[in-house]
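Colleague: My structure is in protein.csv, and what it holds is CSV, C-alpha atoms:
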```csv
chain,number,residue,atom,x,y,z
V,1,MET,CA,159.3,78.3,209.7
V,2,LYS,CA,156.7,78.4,207.0
V,3,LYS,CA,156.2,82.1,207.3
V,4,LYS,CA,159.9,82.7,207.0
V,5,ALA,CA,160.1,80.7,203.8
V,6,ASN,CA,157.2,82.6,202.4
V,7,ALA,CA,158.8,85.9,203.3
V,8,ASN,CA,162.0,84.9,201.5
V,9,LEU,CA,160.0,83.9,198.5
V,10,ALA,CA,158.2,87.2,198.5
V,11,MET,CA,161.6,89.0,198.7
V,12,VAL,CA,163.0,87.1,195.7
V,13,PHE,CA,159.9,87.5,193.6
V,14,ASN,CA,158.8,90.9,194.9
V,15,THR,CA,158.3,92.0,191.3
V,16,MET,CA,155.2,89.8,191.1
V,17,PRO,CA,152.1,91.3,192.7
V,18,GLU,CA,150.5,87.9,193.3
V,19,VAL,CA,153.1,86.8,195.8
V,20,GLN,CA,152.5,89.8,198.0
V,21,GLN,CA,148.9,88.7,198.4
V,22,LYS,CA,148.2,86.1,201.0
V,23,LYS,CA,146.3,83.8,198.8
V,24,LYS,CA,147.5,83.2,195.2
V,25,PHE,CA,145.0,82.9,192.5
V,26,CYS,CA,144.9,81.8,188.9
V,27,ARG,CA,144.8,84.9,186.8
V,28,PHE,CA,143.1,83.1,183.9
V,29,ARG,CA,140.2,81.8,186.1
V,30,LYS,CA,139.8,85.1,187.8
V,31,ASN,CA,139.8,87.2,184.6
V,32,GLY,CA,138.0,84.7,182.4
V,33,ILE,CA,140.8,84.4,179.9
V,34,LYS,CA,140.2,81.3,177.8
V,35,TYR,CA,142.8,81.6,175.1
V,36,LEU,CA,146.5,82.4,175.4
V,37,ASP,CA,148.0,84.1,172.3
V,38,TYR,CA,151.4,82.8,171.5
V,39,LYS,CA,152.1,86.0,169.5
V,40,ASP,CA,151.7,88.2,172.5
V,41,ALA,CA,155.3,88.4,173.8
V,42,ASN,CA,154.6,90.9,176.5
V,43,PHE,CA,152.0,88.8,178.1
V,44,LEU,CA,154.0,85.6,178.0
V,45,LEU,CA,157.0,87.3,179.6
V,46,LYS,CA,155.1,87.3,182.8
V,47,PHE,CA,155.4,83.5,182.9
V,48,VAL,CA,159.2,83.2,182.3
V,49,ASN,CA,162.1,84.2,184.4
V,50,ASP,CA,164.9,86.4,183.2
V,51,GLN,CA,166.7,83.5,181.6
V,52,GLY,CA,163.6,82.6,179.6
V,53,LYS,CA,162.6,79.6,181.6
V,54,VAL,CA,159.0,78.8,182.3
V,55,LEU,CA,158.1,79.8,185.9
V,56,PRO,CA,156.6,77.0,188.1
V,57,ARG,CA,153.0,77.1,189.1
V,58,ARG,CA,153.9,77.5,192.8
V,59,LEU,CA,155.2,81.0,192.0
V,60,THR,CA,152.7,82.3,189.5
V,61,GLY,CA,149.6,80.6,191.0
V,62,THR,CA,148.3,79.5,187.7
V,63,SER,CA,146.0,76.5,187.8
V,64,LEU,CA,147.1,73.2,186.2
V,65,LYS,CA,144.7,73.6,183.2
V,66,TYR,CA,146.1,76.9,182.2
V,67,GLN,CA,149.7,76.1,183.1
V,68,ARG,CA,149.7,73.5,180.3
V,69,LYS,CA,148.4,76.2,178.0
V,70,VAL,CA,151.0,78.7,179.1
V,71,ALA,CA,153.8,76.1,178.4
V,72,GLN,CA,152.4,75.3,175.0
V,73,ALA,CA,152.1,79.0,174.1
V,74,ILE,CA,155.6,79.7,175.2
V,75,LYS,CA,157.0,76.9,173.2
V,76,ARG,CA,155.1,78.1,170.1
V,77,ALA,CA,156.4,81.6,170.7
V,78,ARG,CA,160.0,80.3,170.9
V,79,HIS,CA,159.6,78.5,167.6
V,80,ILE,CA,158.5,81.7,165.7
V,81,ALA,CA,161.3,83.7,167.4
V,82,VAL,CA,158.9,85.9,169.4
V,83,LEU,CA,160.5,84.7,172.6
V,84,PRO,CA,164.1,83.5,173.0
V,85,PHE,CA,165.0,80.0,174.1
V,86,THR,CA,167.6,81.4,176.4
V,87,GLY,CA,168.6,84.9,177.4
V,88,ASP,CA,170.5,86.7,180.1
V,89,SER,CA,168.3,89.6,181.0
V,90,LEU,CA,164.9,89.5,179.5
V,91,LYS,CA,163.5,91.8,182.1
Y,1,MET,CA,143.4,71.4,170.9
Y,2,ALA,CA,141.6,70.5,167.7
Y,3,THR,CA,137.9,69.5,167.9
Y,4,LYS,CA,137.4,65.9,167.0
Y,5,THR,CA,135.3,65.4,164.0
Y,6,LYS,CA,133.6,62.1,163.5
Y,7,SER,CA,134.4,60.3,160.3
Y,8,LYS,CA,131.7,61.4,157.9
Y,9,THR,CA,131.0,60.5,154.3
Y,10,THR,CA,133.3,62.3,152.0
Y,11,GLU,CA,130.5,64.4,150.5
Y,12,THR,CA,130.5,67.0,153.3
Y,13,VAL,CA,133.7,69.0,153.3
Y,14,VAL,CA,134.7,69.7,156.9
Y,15,LEU,CA,136.4,73.1,157.3
Y,16,LYS,CA,138.5,73.7,160.3
Y,17,ASP,CA,140.1,76.9,161.6
Y,18,TYR,CA,143.8,77.4,161.2
Y,19,GLU,CA,146.4,80.1,161.6
Y,20,SER,CA,149.8,80.2,159.9
Y,21,VAL,CA,152.7,82.5,160.9
Y,22,ILE,CA,155.4,82.6,158.3
Y,23,ILE,CA,158.8,84.3,158.6
Y,24,PHE,CA,160.3,85.4,155.2
Y,25,THR,CA,163.9,86.2,154.8
Y,26,PRO,CA,164.8,89.9,155.2
Y,27,VAL,CA,166.7,90.0,151.9
Y,28,LEU,CA,163.5,90.1,149.8
Y,29,SER,CA,162.5,93.2,148.0
Y,30,ASP,CA,159.0,94.7,148.5
Y,31,GLU,CA,157.9,93.2,145.2
Y,32,GLN,CA,159.3,89.7,145.9
Y,33,LEU,CA,157.6,89.8,149.3
Y,34,LYS,CA,154.3,90.7,147.8
Y,35,ASP,CA,154.7,87.9,145.2
Y,36,ALA,CA,155.3,85.4,147.9
Y,37,ILE,CA,152.4,86.5,150.1
Y,38,SER,CA,150.0,86.5,147.2
Y,39,LYS,CA,151.2,83.0,146.2
Y,40,TYR,CA,150.1,81.5,149.5
Y,41,ARG,CA,146.9,83.5,149.6
Y,42,LYS,CA,146.1,82.0,146.2
Y,43,LEU,CA,147.0,78.6,147.4
Y,44,ILE,CA,144.4,78.9,150.2
Y,45,THR,CA,141.6,80.2,148.1
Y,46,ASP,CA,142.3,77.7,145.3
Y,47,GLU,CA,141.9,74.8,147.6
Y,48,ALA,CA,138.3,75.8,148.4
Y,49,GLY,CA,139.6,77.3,151.6
Y,50,GLU,CA,138.3,80.5,153.1
Y,51,LEU,CA,140.7,83.2,154.0
Y,52,VAL,CA,139.4,84.8,157.2
Y,53,HIS,CA,142.1,87.3,158.0
Y,54,GLU,CA,145.6,88.3,157.0
Y,55,GLU,CA,148.1,90.4,158.9
Y,56,ASN,CA,151.5,91.7,157.9
Y,57,TRP,CA,153.8,92.6,160.8
Y,58,GLY,CA,156.5,94.0,158.5
Y,59,LEU,CA,160.2,93.7,159.2
Y,60,THR,CA,160.4,92.5,162.8
Y,61,LYS,CA,163.4,91.8,165.0
Y,62,LEU,CA,163.8,88.1,165.9
Y,63,ALA,CA,164.4,87.0,169.5
Y,64,TYR,CA,167.4,84.9,168.3
Y,65,PRO,CA,169.1,84.6,164.9
Y,66,ILE,CA,167.7,82.2,162.3
Y,67,GLN,CA,169.9,81.3,159.4
Y,68,LYS,CA,172.3,84.0,160.6
Y,69,LYS,CA,169.7,86.7,160.2
Y,70,THR,CA,168.4,88.9,163.0
Y,71,THR,CA,165.3,90.2,161.3
Y,72,GLY,CA,162.4,88.8,159.2
Y,73,PHE,CA,159.2,89.6,157.5
Y,74,TYR,CA,156.3,88.2,159.5
Y,75,HIS,CA,153.1,87.3,157.8
Y,76,LEU,CA,150.0,85.8,159.3
Y,77,TYR,CA,147.1,83.9,157.6
Y,78,GLU,CA,144.0,83.0,159.4
Y,79,PHE,CA,141.9,80.6,157.3
Y,80,ARG,CA,139.4,77.8,157.2
Y,81,ALA,CA,140.3,74.8,155.3
Y,82,ASN,CA,140.0,71.0,154.9
Y,83,PRO,CA,142.5,69.2,157.2
Y,84,ASP,CA,144.0,67.4,154.2
Y,85,PHE,CA,145.1,70.8,152.9
Y,86,ILE,CA,147.5,71.5,155.7
Y,87,SER,CA,150.2,68.9,154.7
Y,88,LYS,CA,150.1,70.3,151.2
Y,89,PHE,CA,150.4,73.8,152.5
Y,90,GLU,CA,153.3,73.1,154.7
Y,91,LEU,CA,155.1,71.1,152.0
Y,92,ALA,CA,155.0,74.3,149.9
Y,93,PHE,CA,156.6,76.2,152.8
Y,94,ARG,CA,159.4,73.7,153.2
Y,95,ARG,CA,160.2,73.9,149.5
Y,96,ASP,CA,160.3,77.6,149.5
Y,97,GLU,CA,163.7,79.1,150.2
Y,98,ARG,CA,162.3,82.5,151.0
Y,99,ILE,CA,160.7,81.1,154.1
Y,100,MET,CA,162.9,80.8,157.2
Y,101,ARG,CA,160.3,79.5,159.6
Y,102,TYR,CA,156.6,78.7,159.7
Y,103,LEU,CA,154.1,77.6,162.3
Y,104,THR,CA,150.6,76.4,161.6
Y,105,VAL,CA,148.2,76.0,164.5
Y,106,ALA,CA,144.7,74.6,164.6
Y,107,LEU,CA,142.4,77.1,166.4
Y,108,ASN,CA,139.8,76.1,168.9
Y,109,LYS,CA,136.6,78.0,169.4
Y,110,HIS,CA,138.1,80.2,172.1
Y,111,ALA,CA,140.9,81.2,169.8
Y,112,VAL,CA,138.6,82.1,167.0
Y,113,ILE,CA,136.6,84.3,169.3
Y,114,TYR,CA,139.8,85.9,170.7
Y,115,ASN,CA,141.1,86.6,167.2
Y,116,LYS,CA,137.8,88.2,166.2
Y,117,ARG,CA,137.8,90.4,169.2
Y,118,LYS,CA,141.4,91.4,168.7
Y,119,ARG,CA,140.7,92.3,165.1
Y,120,ASN,CA,137.8,94.5,166.2
Y,121,GLY,CA,140.2,96.3,168.5
Y,122,GLU,CA,138.2,95.4,171.7
Y,123,PHE,CA,141.3,94.7,173.8
Y,124,ASN,CA,142.9,98.1,173.1
Y,125,GLN,CA,139.6,99.8,173.8
Y,126,GLY,CA,139.4,98.1,177.2
Y,127,LYS,CA,142.9,99.5,178.0
Y,128,LYS,CA,142.0,102.9,176.8
Y,129,ASP,CA,138.9,102.9,179.0
Y,130,GLN,CA,140.9,101.9,182.0
Y,131,LYS,CA,143.4,104.6,181.3
Y,132,GLN,CA,140.6,107.2,181.0
Y,133,GLU,CA,139.0,105.9,184.2
Y,134,ALA,CA,142.4,106.1,185.9
Y,135,ALA,CA,142.8,109.7,184.7
Y,136,LYS,CA,139.4,110.6,186.1
```
Kindly present the structure from the file in C-alpha coordinates form.
Modeller:
Amino acid sequence: MKKKANANLAMVFNTMPEVQQKKKFCRFRKNGIKYLDYKDANFLLKFVNDQGKVLPRRLTGTSLKYQRKVAQAIKRARHIAVLPFTGDSLK
Amino acid sequence: MATKTKSKTTETVVLKDYESVIIFTPVLSDEQLKDAISKYRKLITDEAGELVHEENWGLTKLAYPIQKKTTGFYHLYEFRANPDFISKFELAFRRDERIMRYLTVALNKHAVIYNKRKRNGEFNQGKKDQKQEAAK
(Lines of atoms letter the chains of each structure in order from A and count residues from 1; the text may use other names and numbers.)
(Lines give C-alpha, C1' and ligand atoms only; values in the text may rest on other atoms or scores of the structure.)
Protein backbone atom coordinates (compact mmCIF):
# COMPACT_ATOMS: atom_id res chain seq x y z
CA MET A 1 0.00 0.00 0.00
CA LYS A 2 2.68 2.41 1.00
CA LYS A 3 4.60 1.85 -2.19
CA LYS A 4 1.52 2.57 -4.25
CA ALA A 5 0.91 5.83 -2.45
CA ASN A 6 4.49 6.85 -3.03
CA ALA A 7 4.22 6.02 -6.70
CA ASN A 8 1.14 8.20 -6.97
CA LEU A 9 2.90 11.05 -5.26
CA ALA A 10 5.83 10.67 -7.59
CA MET A 11 3.46 10.85 -10.54
CA VAL A 12 1.77 13.98 -9.31
CA PHE A 13 5.03 15.75 -8.49
CA ASN A 14 7.21 14.21 -11.13
CA THR A 15 8.59 17.63 -11.97
CA MET A 16 10.55 17.59 -8.70
CA PRO A 17 13.74 15.58 -8.88
CA GLU A 18 13.81 14.88 -5.11
CA VAL A 19 10.69 12.78 -5.17
CA GLN A 20 12.15 10.42 -7.72
CA GLN A 21 14.92 9.56 -5.30
CA LYS A 22 14.19 6.98 -2.65
CA LYS A 23 15.36 9.10 0.25
CA LYS A 24 14.44 12.77 0.37
CA PHE A 25 17.00 15.21 1.62
CA CYS A 26 17.06 18.79 2.73
CA ARG A 27 18.66 20.78 -0.04
CA PHE A 28 19.85 23.46 2.38
CA ARG A 29 21.69 21.04 4.63
CA LYS A 30 23.16 19.16 1.73
CA ASN A 31 24.39 22.19 -0.16
CA GLY A 32 25.33 24.25 2.88
CA ILE A 33 22.95 27.11 2.12
CA LYS A 34 22.56 29.24 5.22
CA TYR A 35 20.63 32.23 3.96
CA LEU A 36 17.57 32.37 1.75
CA ASP A 37 17.28 35.48 -0.37
CA TYR A 38 13.72 36.77 -0.49
CA LYS A 39 14.56 38.76 -3.64
CA ASP A 40 15.42 35.66 -5.64
CA ALA A 41 12.04 34.78 -7.16
CA ASN A 42 13.33 31.94 -9.32
CA PHE A 43 14.69 30.05 -6.35
CA LEU A 44 11.61 30.59 -4.18
CA LEU A 45 9.39 29.30 -6.97
CA LYS A 46 10.71 25.82 -6.21
CA PHE A 47 8.90 25.92 -2.88
CA VAL A 48 5.44 27.01 -4.03
CA ASN A 49 2.88 25.19 -6.12
CA ASP A 50 1.42 26.67 -9.28
CA GLN A 51 -1.20 28.54 -7.28
CA GLY A 52 1.51 30.22 -5.27
CA LYS A 53 0.94 28.24 -2.07
CA VAL A 54 3.87 27.11 0.04
CA LEU A 55 4.61 23.43 -0.53
CA PRO A 56 4.66 21.20 2.57
CA ARG A 57 7.84 19.70 3.91
CA ARG A 58 6.74 16.20 3.10
CA LEU A 59 6.95 17.00 -0.60
CA THR A 60 10.08 19.12 -0.74
CA GLY A 61 12.06 17.28 1.93
CA THR A 62 13.19 20.51 3.56
CA SER A 63 14.15 20.24 7.23
CA LEU A 64 12.04 22.08 9.78
CA LYS A 65 14.69 24.69 10.46
CA TYR A 66 14.86 25.71 6.83
CA GLN A 67 11.15 25.30 6.14
CA ARG A 68 10.57 28.15 8.59
CA LYS A 69 13.06 30.26 6.68
CA VAL A 70 11.48 29.33 3.36
CA ALA A 71 8.07 30.44 4.64
CA GLN A 72 9.49 33.70 5.94
CA ALA A 73 11.29 34.44 2.68
CA ILE A 74 8.18 33.70 0.61
CA LYS A 75 6.10 36.04 2.76
CA ARG A 76 8.66 38.80 2.36
CA ALA A 77 8.82 38.22 -1.37
CA ARG A 78 5.04 38.53 -1.58
CA HIS A 79 5.09 41.80 0.28
CA ILE A 80 7.49 43.44 -2.17
CA ALA A 81 5.58 42.00 -5.14
CA VAL A 82 8.37 39.66 -6.20
CA LEU A 83 6.04 36.68 -5.78
CA PRO A 84 2.25 36.80 -6.18
CA PHE A 85 -0.09 36.00 -3.32
CA THR A 86 -2.19 33.93 -5.69
CA GLY A 87 -1.86 32.90 -9.28
CA ASP A 88 -3.27 30.39 -11.70
CA SER A 89 -0.22 29.19 -13.57
CA LEU A 90 3.06 30.23 -12.06
CA LYS A 91 4.96 27.43 -13.68
CA MET B 1 16.62 36.88 13.20
CA ALA B 2 18.32 39.83 14.76
CA THR B 3 21.23 39.21 17.07
CA LYS B 4 20.40 40.17 20.62
CA THR B 5 22.50 42.96 21.98
CA LYS B 6 22.85 43.32 25.70
CA SER B 7 21.84 46.69 27.02
CA LYS B 8 25.01 48.70 27.17
CA THR B 9 25.70 52.19 28.31
CA THR B 10 24.60 54.74 25.76
CA GLU B 11 28.15 55.77 24.96
CA THR B 12 28.84 52.95 22.53
CA VAL B 13 26.73 53.17 19.40
CA VAL B 14 25.58 49.72 18.33
CA LEU B 15 25.38 49.40 14.58
CA LYS B 16 23.31 46.66 13.08
CA ASP B 17 22.96 45.48 9.50
CA TYR B 18 19.79 46.29 7.64
CA GLU B 19 18.46 46.10 4.14
CA SER B 20 15.61 48.16 2.70
CA VAL B 21 13.78 47.50 -0.53
CA ILE B 22 11.65 50.40 -1.73
CA ILE B 23 9.19 50.45 -4.63
CA PHE B 24 8.70 53.90 -6.15
CA THR B 25 5.72 54.72 -8.36
CA PRO B 26 6.39 54.33 -12.08
CA VAL B 27 5.03 57.81 -12.84
CA LEU B 28 8.24 59.50 -11.63
CA SER B 29 10.62 61.02 -14.14
CA ASP B 30 14.30 60.09 -14.08
CA GLU B 31 15.20 63.23 -12.21
CA GLN B 32 12.47 62.85 -9.61
CA LEU B 33 13.59 59.32 -9.02
CA LYS B 34 17.20 60.39 -8.56
CA ASP B 35 16.05 63.06 -6.12
CA ALA B 36 14.08 60.56 -4.06
CA ILE B 37 16.91 58.04 -4.02
CA SER B 38 19.49 60.58 -2.95
CA LYS B 39 17.14 61.86 -0.24
CA TYR B 40 17.13 58.51 1.52
CA ARG B 41 20.81 57.98 0.90
CA LYS B 42 21.42 61.27 2.65
CA LEU B 43 19.10 60.29 5.49
CA ILE B 44 21.20 57.19 6.18
CA THR B 45 24.56 58.93 6.07
CA ASP B 46 23.33 61.91 8.11
CA GLU B 47 22.26 59.68 10.97
CA ALA B 48 25.78 58.36 11.44
CA GLY B 49 24.79 55.27 9.54
CA GLU B 50 27.01 53.57 7.05
CA LEU B 51 25.79 52.82 3.55
CA VAL B 52 27.20 49.45 2.59
CA HIS B 53 25.62 48.91 -0.78
CA GLU B 54 23.00 50.30 -3.10
CA GLU B 55 21.25 48.66 -5.99
CA ASN B 56 18.79 49.93 -8.55
CA TRP B 57 16.70 47.34 -10.32
CA GLY B 58 15.11 49.89 -12.62
CA LEU B 59 11.54 49.66 -13.82
CA THR B 60 10.38 46.17 -12.84
CA LYS B 61 7.13 44.37 -13.36
CA LEU B 62 5.18 43.68 -10.16
CA ALA B 63 3.79 40.23 -9.41
CA TYR B 64 0.42 41.84 -8.67
CA PRO B 65 -0.89 45.41 -9.05
CA ILE B 66 -0.19 47.89 -6.24
CA GLN B 67 -2.23 51.12 -6.28
CA LYS B 68 -3.49 50.03 -9.70
CA LYS B 69 0.03 50.07 -11.12
CA THR B 70 1.69 47.04 -12.62
CA THR B 71 5.27 48.28 -12.63
CA GLY B 72 7.54 50.05 -10.17
CA PHE B 73 11.08 51.35 -9.64
CA TYR B 74 12.83 49.06 -7.18
CA HIS B 75 15.68 50.39 -5.13
CA LEU B 76 17.70 48.61 -2.49
CA TYR B 77 19.80 50.06 0.33
CA GLU B 78 22.05 47.91 2.45
CA PHE B 79 23.31 49.83 5.45
CA ARG B 80 24.54 49.68 9.01
CA ALA B 81 22.71 51.85 11.50
CA ASN B 82 21.58 52.29 15.06
CA PRO B 83 18.32 50.38 15.73
CA ASP B 84 16.61 53.62 16.80
CA PHE B 85 17.09 54.96 13.30
CA ILE B 86 14.77 52.42 11.66
CA SER B 87 11.51 53.84 12.99
CA LYS B 88 12.55 57.26 11.78
CA PHE B 89 13.54 55.89 8.41
CA GLU B 90 10.26 54.03 7.92
CA LEU B 91 8.23 57.03 9.04
CA ALA B 92 9.80 58.95 6.18
CA PHE B 93 8.76 56.16 3.80
CA ARG B 94 5.18 56.25 4.99
CA ARG B 95 4.96 60.00 4.57
CA ASP B 96 6.34 59.88 1.05
CA GLU B 97 3.70 59.53 -1.63
CA ARG B 98 6.26 58.48 -4.22
CA ILE B 99 6.78 55.20 -2.35
CA MET B 100 4.24 52.47 -3.00
CA ARG B 101 5.77 49.77 -0.82
CA TYR B 102 8.84 49.26 1.36
CA LEU B 103 10.41 46.46 3.34
CA THR B 104 13.20 46.79 5.88
CA VAL B 105 14.87 43.64 7.09
CA ALA B 106 17.53 43.12 9.75
CA LEU B 107 20.33 40.99 8.36
CA ASN B 108 22.02 38.23 10.33
CA LYS B 109 25.63 37.26 9.80
CA HIS B 110 24.78 34.68 7.11
CA ALA B 111 22.82 37.27 5.16
CA VAL B 112 25.71 39.73 5.28
CA ILE B 113 28.09 37.09 3.96
CA TYR B 114 25.59 36.10 1.28
CA ASN B 115 25.14 39.68 0.09
CA LYS B 116 28.89 40.23 -0.02
CA ARG B 117 29.40 37.13 -2.12
CA LYS B 118 26.53 38.08 -4.39
CA ARG B 119 28.02 41.51 -4.95
CA ASN B 120 31.37 40.01 -5.87
CA GLY B 121 29.58 37.87 -8.41
CA GLU B 122 30.66 34.58 -6.86
CA PHE B 123 27.34 32.88 -7.50
CA ASN B 124 27.27 33.59 -11.20
CA GLN B 125 30.84 32.47 -11.49
CA GLY B 126 29.92 29.16 -9.96
CA LYS B 127 27.19 28.71 -12.53
CA LYS B 128 29.56 29.65 -15.34
CA ASP B 129 32.09 27.12 -14.11
CA GLN B 130 29.46 24.45 -14.01
CA LYS B 131 28.39 25.26 -17.53
CA GLN B 132 31.95 25.18 -18.76
CA GLU B 133 32.49 21.86 -17.05
CA ALA B 134 29.31 20.53 -18.57
CA ALA B 135 30.46 21.71 -21.98
CA LYS B 136 33.74 19.84 -21.55
Colleague: Which residues of chain Y have any atom within 7 Å of an atom in chain V when counting all atoms listed in the file, and what is the closest pair of atoms for each, with the distance in Å to one decimal? Order the rows by chain and rising number and write it as JSON lines.
Modeller:
```
{"residue": "Y:Leu62", "atom": "CA", "partner": "V:Ala81", "partner_atom": "CA", "distance": 5.3}
{"residue": "Y:Ala63", "atom": "CA", "partner": "V:Pro84", "partner_atom": "CA", "distance": 5.0}
{"residue": "Y:Tyr64", "atom": "CA", "partner": "V:Pro84", "partner_atom": "CA", "distance": 5.9}
{"residue": "Y:Arg101", "atom": "CA", "partner": "V:Ile80", "partner_atom": "CA", "distance": 6.7}
{"residue": "Y:Tyr102", "atom": "CA", "partner": "V:Ile80", "partner_atom": "CA", "distance": 7.0}
{"residue": "Y:Leu103", "atom": "CA", "partner": "V:Ile80", "partner_atom": "CA", "distance": 6.9}
{"residue": "Y:His110", "atom": "CA", "partner": "V:Tyr35", "partner_atom": "CA", "distance": 5.7}
{"residue": "Y:Ala111", "atom": "CA", "partner": "V:Tyr35", "partner_atom": "CA", "distance": 5.6}
{"residue": "Y:Tyr114", "atom": "CA", "partner": "V:Tyr35", "partner_atom": "CA", "distance": 6.8}
```
Colleague: Which residue, Y:Gly49, Y:Arg98, Y:Ala106, Y:Glu55, has the smallest gap to Ser29 in chain Y when you use only C-alpha atoms?
Modeller: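 With only C-alpha atoms as the atom set, the closest residue is Y:Arg98.
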Colleague: CA of Ala73 in chain V to CA of Leu59 in chain Y: how many Å, to one decimal?
Modeller: 22.4 Å
Colleague: Near range 14-20 of chain Y, within 8 Å and counting all atoms listed in the file, which residues show up once chain neighbours fewer than 2 positions away are dropped, as a PDB file with C-alpha atoms, in the frame of the given file?
Modeller:
```pdb
ATOM      1  CA  THR Y  12     130.500  67.000 153.300  1.00  0.00           C
ATOM      2  CA  ILE Y  22     155.400  82.600 158.300  1.00  0.00           C
ATOM      3  CA  GLY Y  49     139.600  77.300 151.600  1.00  0.00           C
ATOM      4  CA  LEU Y  76     150.000  85.800 159.300  1.00  0.00           C
ATOM      5  CA  TYR Y  77     147.100  83.900 157.600  1.00  0.00           C
ATOM      6  CA  GLU Y  78     144.000  83.000 159.400  1.00  0.00           C
ATOM      7  CA  PHE Y  79     141.900  80.600 157.300  1.00  0.00           C
ATOM      8  CA  ARG Y  80     139.400  77.800 157.200  1.00  0.00           C
ATOM      9  CA  ALA Y  81     140.300  74.800 155.300  1.00  0.00           C
ATOM     10  CA  ASN Y  82     140.000  71.000 154.900  1.00  0.00           C
ATOM     11  CA  PRO Y  83     142.500  69.200 157.200  1.00  0.00           C
ATOM     12  CA  TYR Y 102     156.600  78.700 159.700  1.00  0.00           C
ATOM     13  CA  LEU Y 103     154.100  77.600 162.300  1.00  0.00           C
ATOM     14  CA  THR Y 104     150.600  76.400 161.600  1.00  0.00           C
ATOM     15  CA  VAL Y 105     148.200  76.000 164.500  1.00  0.00           C
ATOM     16  CA  ALA Y 106     144.700  74.600 164.600  1.00  0.00           C
ATOM     17  CA  LEU Y 107     142.400  77.100 166.400  1.00  0.00           C
ATOM     18  CA  ASN Y 108     139.800  76.100 168.900  1.00  0.00           C
ATOM     19  CA  VAL Y 112     138.600  82.100 167.000  1.00  0.00           C
TER      20      VAL Y 112
END
```
Colleague: Find the residues with any atom within 9 Å of (168.3, 93.6, 154.9); use all atoms listed in the file and the coordinates as given in the file, and write the answer as a PyMOL selection string.
Modeller: chain Y and resi 25-28+69+71-72
Colleague: What does the distance from CA of Phe47 in chain V to CA of Leu59 in chain V come to in Å, to one decimal?
Modeller: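 Taking CA of Phe47 in chain V as the start and CA of Leu59 in chain V as the end point, the length is 9.4 Å.
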Colleague: Just how far from CA of Gln51 in chain V is CA of Gln72 in chain V, in Å to one decimal?
Modeller: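 Atom-to-atom, CA of Gln72 in chain V and CA of Gln51 in chain V are spaced 17.8 Å apart.
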Colleague: Using all atoms listed in the file, determine which residues lie at most 7 Å from Thr62 in chain V, disregarding the query and same-chain residues fewer than 2 positions distant; provide the list as a list of chain:residue names.
Modeller: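 Returned residues: V:Phe25, V:Cys26, V:Arg27, V:Arg57, V:Thr60, V:Leu64, V:Tyr66, V:Gln67.
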